[in-house]
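Source file: model.cif (mmCIF, C-alpha atoms)
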```
data_model
#
loop_
_atom_site.label_atom_id
_atom_site.label_comp_id
_atom_site.auth_asym_id
_atom_site.auth_seq_id
_atom_site.Cartn_x
_atom_site.Cartn_y
_atom_site.Cartn_z
CA MET A 1 89.58 31.76 -174.74
CA PHE A 2 87.73 28.62 -175.71
CA LEU A 3 85.58 25.94 -174.13
CA GLY A 4 86.73 22.35 -174.15
CA ARG A 5 86.69 19.02 -172.40
CA VAL A 6 89.66 17.02 -171.17
CA VAL A 7 89.63 13.73 -173.08
CA GLY A 8 93.07 12.26 -172.47
CA THR A 9 96.66 12.58 -171.36
CA VAL A 10 100.05 12.49 -173.07
CA VAL A 11 103.24 11.12 -171.55
CA ALA A 12 106.57 12.32 -172.96
CA THR A 13 109.87 11.55 -171.25
CA VAL A 14 112.09 13.39 -173.72
CA LYS A 15 110.93 17.00 -173.85
CA ASP A 16 112.01 20.60 -173.61
CA ALA A 17 113.56 21.28 -170.19
CA ALA A 18 110.96 23.98 -169.48
CA LEU A 19 108.17 21.40 -169.91
CA LYS A 20 109.50 19.18 -167.10
CA GLY A 21 106.87 18.69 -164.43
CA GLN A 22 104.06 20.06 -166.60
CA ARG A 23 100.96 17.97 -167.31
CA LEU A 24 100.17 17.41 -170.96
CA LEU A 25 96.48 16.83 -171.64
CA ILE A 26 94.35 16.28 -174.72
CA VAL A 27 91.38 18.61 -175.08
CA GLN A 28 88.39 18.36 -177.38
CA PRO A 29 87.19 21.88 -178.31
CA LEU A 30 83.46 22.49 -177.71
CA THR A 31 80.91 25.02 -178.88
CA ALA A 32 78.97 27.09 -176.33
CA ASP A 33 76.22 24.45 -176.35
CA LEU A 34 78.88 21.80 -175.65
CA LYS A 35 78.95 20.14 -179.05
CA GLU A 36 82.31 18.88 -180.27
CA THR A 37 84.00 21.11 -182.83
CA GLY A 38 87.42 20.98 -184.45
CA LYS A 39 90.46 18.81 -183.86
CA ARG A 40 91.65 17.62 -180.48
CA ILE A 41 94.79 19.38 -179.29
CA VAL A 42 97.56 18.95 -176.73
CA VAL A 43 97.50 21.52 -173.93
CA LEU A 44 99.32 22.29 -170.70
CA ASP A 45 97.44 22.46 -167.42
CA ALA A 46 97.89 25.57 -165.25
CA VAL A 47 95.05 24.88 -162.80
CA GLY A 48 95.05 21.16 -161.92
CA VAL A 49 92.11 19.79 -163.88
CA GLY A 50 90.79 16.24 -163.76
CA ALA A 51 89.72 13.74 -166.39
CA ALA A 52 86.62 14.63 -168.43
CA GLU A 53 86.28 18.09 -166.85
CA LEU A 54 84.78 21.03 -168.69
CA ILE A 55 87.47 23.69 -168.94
CA TYR A 56 88.47 26.82 -170.78
CA TRP A 57 91.87 27.41 -172.28
CA CYS A 58 93.76 30.20 -173.96
CA ARG A 59 95.75 30.06 -177.12
CA GLY A 60 98.88 31.71 -178.45
CA LYS A 61 101.84 33.22 -176.65
CA GLU A 62 99.58 34.31 -173.78
CA SER A 63 99.19 30.65 -172.86
CA SER A 64 102.72 30.69 -171.47
CA PHE A 65 101.94 33.59 -169.12
CA PRO A 66 100.56 31.42 -166.25
CA PHE A 67 104.03 29.95 -165.84
CA LEU A 68 105.97 33.24 -165.74
CA PRO A 69 108.76 34.06 -165.00
CA GLU A 70 109.61 30.69 -166.49
CA GLU A 71 109.31 30.73 -170.29
CA VAL A 72 107.41 27.55 -171.07
CA PRO A 73 107.02 26.70 -174.78
CA THR A 74 103.26 26.18 -174.95
CA ASP A 75 100.68 27.54 -177.38
CA ASN A 76 97.59 26.18 -175.58
CA THR A 77 97.09 26.20 -171.79
CA ILE A 78 94.09 25.39 -169.60
CA VAL A 79 93.48 28.43 -167.41
CA GLY A 80 90.16 27.60 -165.76
CA ILE A 81 87.64 24.92 -164.78
CA VAL A 82 84.01 25.65 -165.69
CA ASP A 83 81.57 25.36 -162.77
CA GLU A 84 78.43 26.52 -164.53
CA LEU A 85 77.54 27.68 -167.99
CA HIS A 86 74.42 29.75 -168.77
CA LEU A 87 73.30 30.63 -172.27
CA CYS A 88 70.80 33.43 -172.90
CA MET B 1 100.25 22.08 -179.36
CA ILE B 2 99.53 19.24 -181.70
CA LEU B 3 100.57 15.65 -182.04
CA ALA B 4 102.48 14.84 -185.21
CA ARG B 5 104.56 12.08 -186.77
CA VAL B 6 108.02 12.64 -188.21
CA VAL B 7 107.85 11.77 -191.90
CA GLY B 8 110.98 13.37 -193.37
CA THR B 9 113.89 15.73 -193.17
CA ILE B 10 114.75 18.99 -194.90
CA VAL B 11 118.21 20.06 -195.98
CA ALA B 12 118.66 23.75 -196.84
CA THR B 13 122.08 25.20 -197.48
CA ARG B 14 120.94 28.75 -198.16
CA LYS B 15 118.81 29.95 -195.31
CA ASP B 16 118.50 32.66 -192.73
CA PRO B 17 121.81 32.62 -190.82
CA ARG B 18 119.92 32.36 -187.55
CA LEU B 19 118.66 28.94 -188.67
CA GLU B 20 122.13 27.49 -189.05
CA GLY B 21 122.67 24.37 -186.99
CA PHE B 22 118.98 23.64 -186.62
CA LYS B 23 117.61 20.25 -187.60
CA LEU B 24 114.51 20.71 -189.73
CA LEU B 25 111.96 17.90 -189.95
CA ILE B 26 108.78 17.39 -191.92
CA VAL B 27 105.98 16.33 -189.61
CA LYS B 28 102.44 15.24 -190.38
CA PRO B 29 99.74 16.06 -187.84
CA VAL B 30 98.05 13.01 -186.29
CA SER B 31 94.94 12.67 -184.16
CA PRO B 32 95.29 11.37 -180.55
CA ASP B 33 94.15 7.94 -181.77
CA GLY B 34 97.05 7.88 -184.24
CA LYS B 35 95.30 8.62 -187.52
CA ASP B 36 97.04 10.89 -190.03
CA GLU B 37 95.47 14.28 -190.55
CA SER B 38 95.80 16.56 -193.54
CA GLY B 39 98.76 18.80 -194.26
CA TYR B 40 102.42 18.94 -193.32
CA VAL B 41 104.50 21.21 -191.11
CA ILE B 42 108.22 21.94 -191.19
CA ALA B 43 109.41 22.09 -187.60
CA VAL B 44 112.70 22.72 -185.84
CA ASP B 45 113.74 19.73 -183.74
CA THR B 46 115.09 20.55 -180.26
CA VAL B 47 114.73 17.07 -178.73
CA SER B 48 116.49 14.82 -181.29
CA ALA B 49 113.36 13.13 -182.61
CA GLY B 50 113.73 10.19 -184.98
CA SER B 51 111.98 9.05 -188.10
CA ASN B 52 108.37 7.93 -187.64
CA GLU B 53 108.26 9.02 -183.97
CA THR B 54 105.19 10.74 -182.59
CA VAL B 55 106.12 14.18 -181.30
CA ILE B 56 104.60 17.29 -179.73
CA VAL B 57 104.78 20.37 -181.93
CA VAL B 58 104.30 23.87 -180.55
CA SER B 59 103.50 26.57 -183.09
CA GLY B 60 103.23 30.32 -183.37
CA SER B 61 105.31 32.74 -181.34
CA SER B 62 105.48 30.18 -178.51
CA ALA B 63 107.72 28.10 -180.77
CA ARG B 64 110.47 30.62 -180.10
CA MET B 65 110.33 29.89 -176.38
CA ALA B 66 111.75 26.40 -176.87
CA ASP B 67 115.34 25.75 -175.91
CA GLY B 68 117.73 27.58 -178.25
CA CYS B 69 115.01 29.16 -180.42
CA LYS B 70 114.94 32.59 -178.85
CA GLU B 71 114.89 35.36 -181.49
CA LYS B 72 115.08 32.83 -184.33
CA PRO B 73 112.73 32.92 -187.35
CA VAL B 74 110.82 29.83 -186.26
CA ASP B 75 107.07 29.19 -186.01
CA ALA B 76 106.94 25.46 -185.30
CA THR B 77 109.16 23.53 -182.90
CA ILE B 78 109.23 19.92 -181.76
CA VAL B 79 109.37 20.10 -177.95
CA GLY B 80 108.68 16.51 -176.91
CA ILE B 81 108.72 12.88 -177.99
CA VAL B 82 105.49 11.09 -177.10
CA ASP B 83 105.74 7.87 -175.08
CA THR B 84 102.03 7.19 -174.70
CA VAL B 85 98.68 8.81 -175.35
CA THR B 86 95.78 7.78 -173.11
CA LEU B 87 92.20 8.65 -174.02
CA ASN B 88 89.35 8.57 -171.49
CA LYS B 89 86.76 5.91 -172.08
#
```

Would you mind giving the structure from this file in structure tokens?
Amino acid sequence: MFLGRVVGTVVATVKDAALKGQRLLIVQPLTADLKETGKRIVVLDAVGVGAAELIYWCRGKESSFPFLPEEVPTDNTIVGIVDELHLC
Amino acid sequence: MILARVVGTIVATRKDPRLEGFKLLIVKPVSPDGKDESGYVIAVDTVSAGSNETVIVVSGSSARMADGCKEKPVDATIVGIVDTVTLNK
């Protein structure tokens, strides 16, 4: 899983039927010390995050597991909101 | 998933039989603020996207979870047509 910050939203009326009702968000990936890294991506939200929140998301087929038994075509899904982050 | 813009079509007569009937499009990844990024992807279109439209592309094994793509040799699928993108200030 990866750290990121919610930086925007996407609205799409025409979409796969399994994506109906899902929130599409834009996430900026972050390093552990919260510096921006890599390209911004479109993700689904499985936990109800808000704008500009620090989150973690998972990638790949596993990112559709939060929505089981429905098979949602997503390759990136937010699975948690970060409360605190401590680095050694 | 990534945002991408439809830039072309692909016609292939000889292909895996499981790909028959699929519309194949060439898409170019774009950033959320609309700038073109490097590279191209060939994606199956399940939502009837048009030329130059901004779309949502899902890749990897999740691409097979889109409507009609189950057990097809597909690793990138267009699953949505973007109306608007809003970035936080």

Do you know which residues the PyMOL selection byres ((chain A and resi 41) around 9) returns on this file, as a list in words?
->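 For this structure, the PyMOL selection byres ((chain A and resi 41) around 9) resolves to Leu25, Ile26, Val27, Gln28, Pro29, Lys39, Arg40, Val42, Val43 and Asn76 of chain A; Met1, Ile2, Leu3, Ser31 and Pro32 of chain B.
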
Which of these residues is nearest to Leu85 of chain A, using only C-alpha atoms: A:Leu19, A:Ala32, A:Glu53, A:Cys58?
-> A:Ala32

Provide as a list in words the residues of chain B at most 8 Å from chain A, counting all atoms listed in the file.
->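 Residues of chain B within 8 Å of chain A, counting all atoms listed in the file: Met1, Ile2, Leu3, Ser31, Pro32, Thr46, Val47, Ile56, Val58, Ser59, Gly60, Ser61, Ser62, Ala63, Arg64, Met65, Ala66, Asp67, Val79, Gly80, Ile81, Val82, Asp83, Thr84, Val85, Thr86, Leu87 and Asn88 of chain B.
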
Just how far from atom CA of Thr13 of chain B is atom CA of Tyr40 of chain B, in Å to one decimal?
->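 Computed distance, atom CA of Tyr40 of chain B to atom CA of Thr13 of chain B, equals 21.0 Å.
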
Separation of atom CA of Trp57 of chain A and atom CA of Asp83 of chain A, in Å?
->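 Distance between the two atoms: 14.2 Å.
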
Grab all the atoms of segment 2-16 of chain A that the file lists, wrap them in a box along x, y and z, add 6 Å per side, and give me centre plus edge lengths in Å (one decimal) as JSON.
```
{"center_x": 98.8, "center_y": 19.9, "center_z": -173.4, "size_x": 38.5, "size_y": 29.5, "size_z": 16.5}
```

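Interatomic distance, atom CA of Thr31 of chain A to atom CA of His86 of chain A: 12.9 Å.
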
Excluding same-chain residues fewer than 5 positions from Thr9 of chain B, what lies within 8 Å of it counting only C-alpha atoms, as a list in words?
-> Leu24, Leu25 and Ile26 of chain B

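Among the candidate residues B:Cys69, B:Val74, B:Ile42, B:Ala49, the one lying nearest to Val27 of chain B is B:Ile42, with distances computed using all atoms listed in the file.
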
For Ile81 of chain A, the nearest of the candidates A:Thr37, A:Phe65, A:Arg5, A:Arg23, counting only C-alpha atoms =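 Among A:Thr37, A:Phe65, A:Arg5, A:Arg23, it is A:Arg5 that comes nearest to Ile81 of chain A.
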
Tell me which of A:Val49, A:Val79, A:Leu54, A:Leu34 sits closest to Pro66 of chain A, counting all atoms listed in the file.
-> A:Val79

Gly21 of chain B: which residues within 12 Å, counting all atoms listed in the file, same-chain residues fewer than 3 positions away excluded, as a list of chain:residue names?
-> B:Val11, B:Ala12, B:Thr13, B:Lys15, B:Asp16, B:Pro17, B:Arg18, B:Leu24, B:Val44, B:Asp45, B:Thr46, B:Gly68, B:Cys69, B:Lys72

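Proximity ranking of A:Pro69, A:Glu84, A:Gly4, A:Gln22 relative to Asp45 of chain A places A:Gln22 first, based on only C-alpha atoms.
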